[in-house]
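Read through the structure below, which is laid out as structure tokens, and then see the notes.
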Amino acid sequence: MAFKVIKAGMLALIQDLGRYGYLSTGITTGGPMDEMAFRWANALLENSPNAAQIEITFGGLALEAQADASIAITGADLAATLNDKPLLPWQTYAIKKGDLLSFQQPVWGLRAYLAVKGGFLCEPTLGSVATVMREQLGGLKGNGHKLEKEDIILYQEDQTFKQMRVPRAAIPNYGQSEIPVILSYQSSSFSEADKETFFSQEYTVSNHCDRMGYRMEGAAIGNDIKGITSEGIAYGAIQVPQDGQPIVLLRDRQTIGGYPKIGCTTPYGGGVLSQQKPGDKIRFVLTSIEQAEQQRQLHMNQISQLR
């Protein structure tokens, strides 16, 4: 029982919630760029929160079902179709043997998540199937490769279908331009003028954006700050290199770095940012740890109430 890859698209990766416990050895966590969309997809199918899914960036993926199953699609609207009939994200669908599931170019957002009842069946590497291409870890074959034409992705056959959808009020607005940020302990290295600039100016997502991080283009900050001794880097850390253009470090980030960090995006903010494309405009908005925790708890409660 499996999907057969008919078209691989630009970038389709097997992901779970990530590979933890190995940062000290230089191995990053990986995992879904939009964690909330990933969690919603598993919740819609009553899967384990860590059940493996496919993260589809920019579309182009086409899969042929080899057996009946229930699926869920969340995240970006990539103009998905089932046997040429349009599908909306943020809900479940029943698929039958021989069905063709396709994803086109983005209508809204950038990354979609495809979950199947019971999760995709892949062999973990270092405790996780999360695909990190740079480290050649995880994924369908354990070697960090993206999905390719003719790949066979196993799942358990399931003929019991339950129609589920995410409440409209809980669906993220990927069109929002505001990305919440918590100031870091190194923020004191930046002048008040730098902070004012950072939180008041609009930044453009550059062409240099991927699963490692999003480089911004806009008003430069921290030009007079020297580098720091290399240290561990948290998810969402916003480091500022010598050119003064902020870089938001995301799921496949390096584990250490030597640039000062003005702040850190919240997990929700990082997910929304990961749905932006080169050329999109964003603004960084100051928030507190307490506000970030409350926001995350709200989202987790919404997901748990669906079950």
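Here's how to read the names in the structure tokens: chain A, B, ... by the order shown, residue numbers from 1 in each chain, ligand numbers from 1 in the order shown.
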Distance query Glu231 (chain A) at most 12 Å, only C-alpha atoms, self and fewer than 6 positions along chain excluded, as a PDB file with N, CA, C and O atoms, in the first residue's frame:
```
ATOM      1  N   LEU A  23      22.126  18.129  18.760  1.00  0.00           N
ATOM      2  CA  LEU A  23      22.702  19.437  18.450  1.00  0.00           C
ATOM      3  C   LEU A  23      24.165  19.519  18.866  1.00  0.00           C
ATOM      4  O   LEU A  23      24.978  20.156  18.192  1.00  0.00           O
ATOM      5  N   SER A  24      24.511  18.871  19.975  1.00  0.00           N
ATOM      6  CA  SER A  24      25.894  18.941  20.465  1.00  0.00           C
ATOM      7  C   SER A  24      26.871  18.259  19.527  1.00  0.00           C
ATOM      8  O   SER A  24      28.084  18.508  19.590  1.00  0.00           O
ATOM      9  N   GLY A  26      26.480  18.571  16.233  1.00  0.00           N
ATOM     10  CA  GLY A  26      26.408  19.328  14.985  1.00  0.00           C
ATOM     11  C   GLY A  26      25.272  18.923  14.071  1.00  0.00           C
ATOM     12  O   GLY A  26      25.208  19.380  12.929  1.00  0.00           O
ATOM     13  N   ALA A 237      16.147  32.171  15.698  1.00  0.00           N
ATOM     14  CA  ALA A 237      17.112  33.232  16.025  1.00  0.00           C
ATOM     15  C   ALA A 237      17.324  34.148  14.821  1.00  0.00           C
ATOM     16  O   ALA A 237      17.426  33.691  13.683  1.00  0.00           O
ATOM     17  N   GLN A 239      19.904  36.476  13.371  1.00  0.00           N
ATOM     18  CA  GLN A 239      21.284  36.949  13.445  1.00  0.00           C
ATOM     19  C   GLN A 239      21.511  38.061  12.429  1.00  0.00           C
ATOM     20  O   GLN A 239      20.835  38.138  11.399  1.00  0.00           O
ATOM     21  N   GLN A 254      22.258  25.873  10.820  1.00  0.00           N
ATOM     22  CA  GLN A 254      23.485  25.357  11.422  1.00  0.00           C
ATOM     23  C   GLN A 254      23.336  25.389  12.940  1.00  0.00           C
ATOM     24  O   GLN A 254      22.538  26.142  13.471  1.00  0.00           O
ATOM     25  N   THR A 255      24.097  24.569  13.638  1.00  0.00           N
ATOM     26  CA  THR A 255      23.911  24.453  15.091  1.00  0.00           C
ATOM     27  C   THR A 255      24.662  25.517  15.877  1.00  0.00           C
ATOM     28  O   THR A 255      24.336  25.773  17.035  1.00  0.00           O
ATOM     29  N   ILE A 256      25.693  26.132  15.299  1.00  0.00           N
ATOM     30  CA  ILE A 256      26.413  27.219  15.981  1.00  0.00           C
ATOM     31  C   ILE A 256      26.627  28.366  15.007  1.00  0.00           C
ATOM     32  O   ILE A 256      26.593  28.177  13.785  1.00  0.00           O
ATOM     33  N   GLY A 257      26.838  29.567  15.551  1.00  0.00           N
ATOM     34  CA  GLY A 257      27.095  30.730  14.705  1.00  0.00           C
ATOM     35  C   GLY A 257      27.753  31.843  15.496  1.00  0.00           C
ATOM     36  O   GLY A 257      27.642  31.887  16.727  1.00  0.00           O
ATOM     37  N   GLY A 258      28.400  32.752  14.779  1.00  0.00           N
ATOM     38  CA  GLY A 258      29.163  33.804  15.434  1.00  0.00           C
ATOM     39  C   GLY A 258      28.697  35.211  15.130  1.00  0.00           C
ATOM     40  O   GLY A 258      29.478  36.160  15.274  1.00  0.00           O
ATOM     41  N   TYR A 259      27.441  35.367  14.715  1.00  0.00           N
ATOM     42  CA  TYR A 259      26.897  36.703  14.498  1.00  0.00           C
ATOM     43  C   TYR A 259      25.968  37.066  15.659  1.00  0.00           C
ATOM     44  O   TYR A 259      25.270  36.212  16.201  1.00  0.00           O
ATOM     45  N   PRO A 260      25.920  38.340  16.040  1.00  0.00           N
ATOM     46  CA  PRO A 260      25.012  38.759  17.122  1.00  0.00           C
ATOM     47  C   PRO A 260      23.557  38.602  16.699  1.00  0.00           C
ATOM     48  O   PRO A 260      23.219  38.729  15.519  1.00  0.00           O
ATOM     49  N   LYS A 261      22.705  38.342  17.679  1.00  0.00           N
ATOM     50  CA  LYS A 261      21.283  38.085  17.416  1.00  0.00           C
ATOM     51  C   LYS A 261      20.437  39.124  18.147  1.00  0.00           C
ATOM     52  O   LYS A 261      20.531  39.265  19.354  1.00  0.00           O
TER      53      LYS A 261
END
```
Exercise: region 201-217 of chain A partners within 8 Å, only C-alpha atoms, chain neighbours under 2 positions left out, as an MDAnalysis selection string
chainID A and resid 33 197:199 219 245:254 276:284
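Each of A:Phe103, A:Gly75, A:Glu192, A:Pro32 was checked against Gly59 (chain A) using only C-alpha atoms; the smallest atom-to-atom distance is that of A:Phe103.
In terms of minimum interatomic distance to Arg168 (chain A), A:Pro89 ranks closest within A:Pro89, A:Asn83, A:Lys149, A:Pro180, counting only C-alpha atoms.
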Test item: residues at most 12 Å from Trp40 (chain A), only C-alpha atoms, excluding those fewer than 5 positions along its chain, as a VMD selection string
chain A and resid 32 34 to 35 45 to 51 53 72 to 75 89 to 92 112 to 115 164 to 167 170 to 172 299 to 307
Could you find all residues in region 116-276 of chain A that DSSP calls helix (DSSP H, G or I) from the backbone, and write them as a PyMOL selection string?
chain A and resi 133-135+168-170+187-189+192-200+267-273
Near region 11-13 of chain A, within 10 Å and counting only C-alpha atoms, which residues show up once chain neighbours fewer than 6 positions away are dropped, as a PyMOL selection string?
chain A and resi 31-32+53-61+111-113+129-133+138-140+144-148
Nearest residue to Asp68 (chain A) out of A:Leu298, A:Met10, A:Leu100, A:Ala193, using only C-alpha atoms?
A:Leu100
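A straight line drawn from CA of Asn143 (chain A) to CA of Ile95 (chain A) is 29.1 Å long.
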Do a neighbour search on Ile153 (chain A) at 7 Å with only C-alpha atoms, toss out local chain neighbours closer than 3 positions, and write the hits as a list in words.
Ala2, Phe3, Lys4 and Phe120 of chain A
Keeping only N, CA, C and O atoms, write the selected residues as an mmCIF file, in the first residue's frame.
```
data_model
loop_
_atom_site.group_PDB
_atom_site.id
_atom_site.type_symbol
_atom_site.label_atom_id
_atom_site.label_comp_id
_atom_site.auth_asym_id
_atom_site.auth_seq_id
_atom_site.Cartn_x
_atom_site.Cartn_y
_atom_site.Cartn_z
ATOM 1 N N ALA A 2 0.725 2.070 -1.013
ATOM 2 C CA ALA A 2 1.691 3.153 -1.153
ATOM 3 C C ALA A 2 1.181 4.209 -2.121
ATOM 4 O O ALA A 2 0.216 4.000 -2.861
ATOM 5 N N PHE A 3 1.853 5.350 -2.096
ATOM 6 C CA PHE A 3 1.781 6.326 -3.170
ATOM 7 C C PHE A 3 2.972 6.102 -4.092
ATOM 8 O O PHE A 3 4.097 5.867 -3.620
ATOM 9 N N LYS A 4 2.760 6.193 -5.373
ATOM 10 C CA LYS A 4 3.840 6.199 -6.341
ATOM 11 C C LYS A 4 4.025 7.625 -6.835
ATOM 12 O O LYS A 4 3.049 8.294 -7.190
ATOM 13 N N PHE A 120 3.032 8.070 7.056
ATOM 14 C CA PHE A 120 3.841 7.374 6.058
ATOM 15 C C PHE A 120 4.858 6.489 6.773
ATOM 16 O O PHE A 120 5.385 6.838 7.830
#
```
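Taking CA of Leu88 (chain A) as the reference point, CA of Leu101 (chain A) is found at 12.5 Å.
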For Ser184 (chain A), please output as a ChimeraX atom specification all residues within 8 Å (counting only C-alpha atoms; exclusion window: fewer than 6 positions along the same chain).
/A:261-264
